[in-house]
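S.K.: First, the structure itself, so that you have it in front of you.
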Amino acid sequence: MTLTTGPGIPGTPAVEVRDLHRSYGEYEAVRGISFTVARGELFALLGTNGAGKTTTLEVLEGYRPPSSGTVRVLGMDPYAQGTLVRRRTGVMLQEGGFFKELTVGETVDSWRSFLSGARPAAEVLGQVGLTERAGTRVAQLSGGERRRLDLALAVLNAPELLFLDEPTTGMDPEARRITWRLVQDLRAAGTTVLLTTHYLEEAQQLADRVAIMDRGRLAAVGTVQEVLSGHRTRITFPLPPGLTAAQLPTVLGESPVVEDGTVVYTAARTAPALAVLHGWAASRSVELDGIEARNASLEDVFLELAHERAGTR
């Protein structure tokens with residue numbers, strides 16, 4: 001598909017990345033990644049520190065040009081056409097810079113003066129739950145409240161595309177869930193969201209699709225279920241009294257691991273594995289108290305990538 005170089009048109013994806021490379025001298029932070037984000041989608045870009053996700057976001061936001069490859073945001077080149085792109089996007093950085101002596105309301109008003117068509121301050125503060133803090137100086141806000149102020153500034157212009165870089169860092173669980181609801185409301189209203197987060201539960205809760213970056217490359221892209229497909233179920237139970245690890249059965253060709261008194265099996269097929277274990281326990285009059293079978297999570301995928309990385313060293 002050929003993308004226009006002028007203002008974006010509705011038929012184009014919100015974000016299109018083709019073979020993106022970004023280097024700093026001899027260090028290649030991003031090593032040839034490709035993905036698209038559909039309009040109205042919530043897309044989560046995940047990865048450990050150093051995986052390349054922040055560099056990718058900086059390119060998409062227009063702060064850095066690609067070393068090679070092509071990036072389009074709302075059909076435009078975000079670096080060459082940054083002014084046009086910024087009118088239609090919102091950005092919530094990992095750390096915002098505020099004048100601490102200003103109040104929350106004064107901070108929002110100062111940002112509104114830089115934007116055409118900015119929404120009323122009261123409306124935005126109400127949306128992020130900071131109405132009662134409008135007269136409070138920024139220096140007196142908690143870390144979570146500052147993140148909500150960051151979010152208020154990012155949505156002042158009612159953006160078509162919202163970049164959220166670690167949006168709930170520093171928030172308590174209640175504030176995090178309030179922010180989740182706000183992000184879900186924005187998406188329901190048609191805003192496209194590109195999210196980076198270290199909270200894997202956050203990605204599973206919010207994202208339509210996820211991409212996992214590892215050492216500058218994409219290790220997986222798809223819905224959460226697609227990314228997790230093929231990853232094994234984890235079956236655990238306390239090691240029964242009087243038994244040793246050597247006395248435990250092999251299940252579907254897999255031997256167990258005993259971690260701090262807990263028996264751990266990984267199984268590609270959950271029901272047959274549980275049948276084998278219960279049959280073995282019944283034949284020996286062993287009680288498998290506390291047995292649990294947990295489907296793979298994004299955390300498991302990250303741990304698997306970490307093990308693979310360690311094996312290449």
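Please note that chains go A, B, ... in the order of the structure tokens, that every chain numbers its residues from 1, and that ligands are numbered from 1 in the order shown.
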As number ranges by chain, please: every residue in region 48-162 of chain A that DSSP puts in helix (DSSP H, G or I).

M.R.: A: 53-60, 82-87, 104-112, 121-127, 131-133, 138-140, 143-154

S.K.: May I have the residues within 6 Å of Thr192 (chain A) as a PyMOL selection string, using only C-alpha atoms and disregarding those fewer than 2 positions away in the same chain?

M.R.: chain A and resi 39-42+161

S.K.: Could you save the residues just selected, with N, CA and C atoms, as a PDB file, in the first residue's frame?

M.R.:
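part_11.pdb was written with the following content:
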```pdb
ATOM      1  N   ARG A  39      -6.707   2.013  13.189  1.00  0.00           N
ATOM      2  CA  ARG A  39      -7.399   3.123  13.843  1.00  0.00           C
ATOM      3  C   ARG A  39      -8.423   2.578  14.841  1.00  0.00           C
ATOM      4  N   GLY A  40      -8.430   3.177  16.022  1.00  0.00           N
ATOM      5  CA  GLY A  40      -9.334   2.753  17.071  1.00  0.00           C
ATOM      6  C   GLY A  40      -8.824   1.595  17.905  1.00  0.00           C
ATOM      7  N   GLU A  41      -7.627   1.115  17.613  1.00  0.00           N
ATOM      8  CA  GLU A  41      -7.066  -0.030  18.322  1.00  0.00           C
ATOM      9  C   GLU A  41      -6.239   0.429  19.521  1.00  0.00           C
ATOM     10  N   LEU A  42      -6.161  -0.427  20.544  1.00  0.00           N
ATOM     11  CA  LEU A  42      -5.224  -0.207  21.640  1.00  0.00           C
ATOM     12  C   LEU A  42      -4.123  -1.254  21.496  1.00  0.00           C
ATOM     13  N   LEU A 161      -4.679   9.968  18.071  1.00  0.00           N
ATOM     14  CA  LEU A 161      -3.730   8.926  18.454  1.00  0.00           C
ATOM     15  C   LEU A 161      -3.030   9.368  19.720  1.00  0.00           C
TER      16      LEU A 161
END
```

S.K.: Could you work out how far CA of Val71 (chain A) lies from CA of His21 (chain A), giving the answer in Å with one decimal?

M.R.: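 Value for the CA of His21 (chain A)-CA of Val71 (chain A) distance: 10.3 Å.
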
S.K.: Using only C-alpha atoms, which residues sit within 7 Å of Thr196 (chain A) once same-chain residues fewer than 6 positions away are excluded, as a ChimeraX atom specification?

M.R.: /A:44-46,164-166

S.K.: As a ChimeraX atom specification, please: the residues near Val221 (chain A) (cut-off 7 Å, only C-alpha atoms, same-chain neighbours under 4 positions excluded).

M.R.: /A:210-212,227

S.K.: Dump N, CA, C and O atoms for the selected residues as a PDB file, in the first residue's frame?

M.R.:
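Below is the file selection27.pdb, written as the result:
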```pdb
ATOM      1  N   VAL A 210      -0.720  -7.024  21.180  1.00  0.00           N
ATOM      2  CA  VAL A 210       0.547  -6.697  21.818  1.00  0.00           C
ATOM      3  C   VAL A 210       1.690  -7.060  20.885  1.00  0.00           C
ATOM      4  O   VAL A 210       1.562  -7.937  20.025  1.00  0.00           O
ATOM      5  N   ALA A 211       2.802  -6.362  21.064  1.00  0.00           N
ATOM      6  CA  ALA A 211       4.058  -6.722  20.413  1.00  0.00           C
ATOM      7  C   ALA A 211       5.122  -6.773  21.494  1.00  0.00           C
ATOM      8  O   ALA A 211       5.217  -5.857  22.317  1.00  0.00           O
ATOM      9  N   ILE A 212       5.890  -7.852  21.519  1.00  0.00           N
ATOM     10  CA  ILE A 212       6.949  -8.004  22.515  1.00  0.00           C
ATOM     11  C   ILE A 212       8.286  -7.796  21.832  1.00  0.00           C
ATOM     12  O   ILE A 212       8.635  -8.505  20.880  1.00  0.00           O
ATOM     13  N   VAL A 227      -0.393 -14.537  21.152  1.00  0.00           N
ATOM     14  CA  VAL A 227       0.971 -14.526  21.681  1.00  0.00           C
ATOM     15  C   VAL A 227       1.191 -15.652  22.682  1.00  0.00           C
ATOM     16  O   VAL A 227       2.263 -16.257  22.742  1.00  0.00           O
TER      17      VAL A 227
END
```

S.K.: Which residues, written as a PDB file with C-alpha atoms, in the first residue's frame, have at least one atom at most 12 Å from Leu156 (chain A), with only C-alpha atoms counted and residues fewer than 4 positions away on the same chain left out?

M.R.:
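Produced file around_12.pdb, reproduced below:
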```
ATOM      1  CA  ARG A  87      -1.756  18.618  16.184  1.00  0.00           C
ATOM      2  CA  ARG A  88      -3.532  15.269  16.018  1.00  0.00           C
ATOM      3  CA  THR A  89      -1.645  13.213  18.601  1.00  0.00           C
ATOM      4  CA  GLY A  90      -1.102  13.266  22.344  1.00  0.00           C
ATOM      5  CA  VAL A  91       1.999  12.104  24.166  1.00  0.00           C
ATOM      6  CA  MET A  92       2.375  11.037  27.779  1.00  0.00           C
ATOM      7  CA  THR A 107      -0.352  24.087  34.681  1.00  0.00           C
ATOM      8  CA  VAL A 108      -3.268  22.977  32.532  1.00  0.00           C
ATOM      9  CA  ASP A 109      -4.093  26.583  31.560  1.00  0.00           C
ATOM     10  CA  SER A 110      -0.486  27.230  30.520  1.00  0.00           C
ATOM     11  CA  TRP A 111      -0.512  24.156  28.268  1.00  0.00           C
ATOM     12  CA  ARG A 112      -3.893  25.143  26.823  1.00  0.00           C
ATOM     13  CA  SER A 113      -2.345  28.420  25.654  1.00  0.00           C
ATOM     14  CA  PHE A 114      -0.030  26.466  23.349  1.00  0.00           C
ATOM     15  CA  LEU A 115      -2.816  24.463  21.703  1.00  0.00           C
ATOM     16  CA  SER A 116      -5.523  25.423  19.253  1.00  0.00           C
ATOM     17  CA  GLY A 117      -8.871  23.864  20.043  1.00  0.00           C
ATOM     18  CA  ALA A 118      -7.833  22.716  23.513  1.00  0.00           C
ATOM     19  CA  ARG A 119     -10.599  21.347  25.695  1.00  0.00           C
ATOM     20  CA  PRO A 120     -11.699  23.266  28.832  1.00  0.00           C
ATOM     21  CA  ALA A 121      -9.424  22.739  31.822  1.00  0.00           C
ATOM     22  CA  ALA A 122     -12.304  21.755  34.104  1.00  0.00           C
ATOM     23  CA  GLU A 123     -13.431  19.074  31.667  1.00  0.00           C
ATOM     24  CA  VAL A 124      -9.989  17.488  31.420  1.00  0.00           C
ATOM     25  CA  LEU A 125      -9.273  17.655  35.159  1.00  0.00           C
ATOM     26  CA  GLY A 126     -12.603  16.009  35.840  1.00  0.00           C
ATOM     27  CA  GLN A 127     -11.779  13.270  33.356  1.00  0.00           C
ATOM     28  CA  VAL A 128      -8.561  12.337  35.181  1.00  0.00           C
ATOM     29  CA  LEU A 149      -1.666  15.389  35.392  1.00  0.00           C
ATOM     30  CA  ASP A 150       0.658  14.109  32.654  1.00  0.00           C
ATOM     31  CA  LEU A 151      -2.313  12.267  31.175  1.00  0.00           C
ATOM     32  CA  ALA A 152      -4.540  15.360  31.385  1.00  0.00           C
ATOM     33  CA  GLU A 160      -6.786  10.906  17.356  1.00  0.00           C
ATOM     34  CA  LEU A 162      -2.454   8.806  22.024  1.00  0.00           C
TER      35      LEU A 162
END
```

S.K.: Got a sec: who's within 9 Å of Gln205 (chain A), counting only C-alpha atoms, leaving out chain neighbours fewer than 4 positions off, as a list in words?

M.R.: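 Near Gln205 (chain A), the qualifying residues are Trp180, Leu200 and Glu201 of chain A.
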
S.K.: Pick out the closest residue to Asp214 (chain A) from this set: A:Trp280, A:Tyr24, A:Phe99, A:Phe302. Count only C-alpha atoms.

M.R.: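 Ranked by minimum distance to Asp214 (chain A), first place goes to A:Phe302.
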
S.K.: My list of candidates is A:Pro241, A:Gly144, A:Gly222, A:Gly25. Which is closest to Thr179 (chain A) when distances are computed with only C-alpha atoms?

M.R.: A:Gly144

S.K.: Which value, in Å to one decimal, gives the distance between CA of Leu218 (chain A) and CA of Ser68 (chain A)?

M.R.: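 Atom-to-atom, CA of Leu218 (chain A) and CA of Ser68 (chain A) are spaced 16.4 Å apart.
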
S.K.: Using only C-alpha atoms, pick whichever of A:Ala271, A:Ala203, A:Val263, A:Val276 has the shortest atom-to-atom distance to Thr250 (chain A).

M.R.: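 Nearest candidate to Thr250 (chain A) out of A:Ala271, A:Ala203, A:Val263, A:Val276: A:Val276.
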
S.K.: What residues in region 37-189 of chain A get the DSSP label strand (DSSP E or B)? Please answer as a VMD selection string.

M.R.: chain A and resid 37 42 to 46 68 to 73 76 89 to 92 103 137 161 to 165

S.K.: With only C-alpha atoms as the atoms that count, which of A:Phe163, A:Glu106, A:His231, A:Val15 lies nearest to Glu299 (chain A)?

M.R.: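 Smallest distance to Glu299 (chain A) is found for A:His231.
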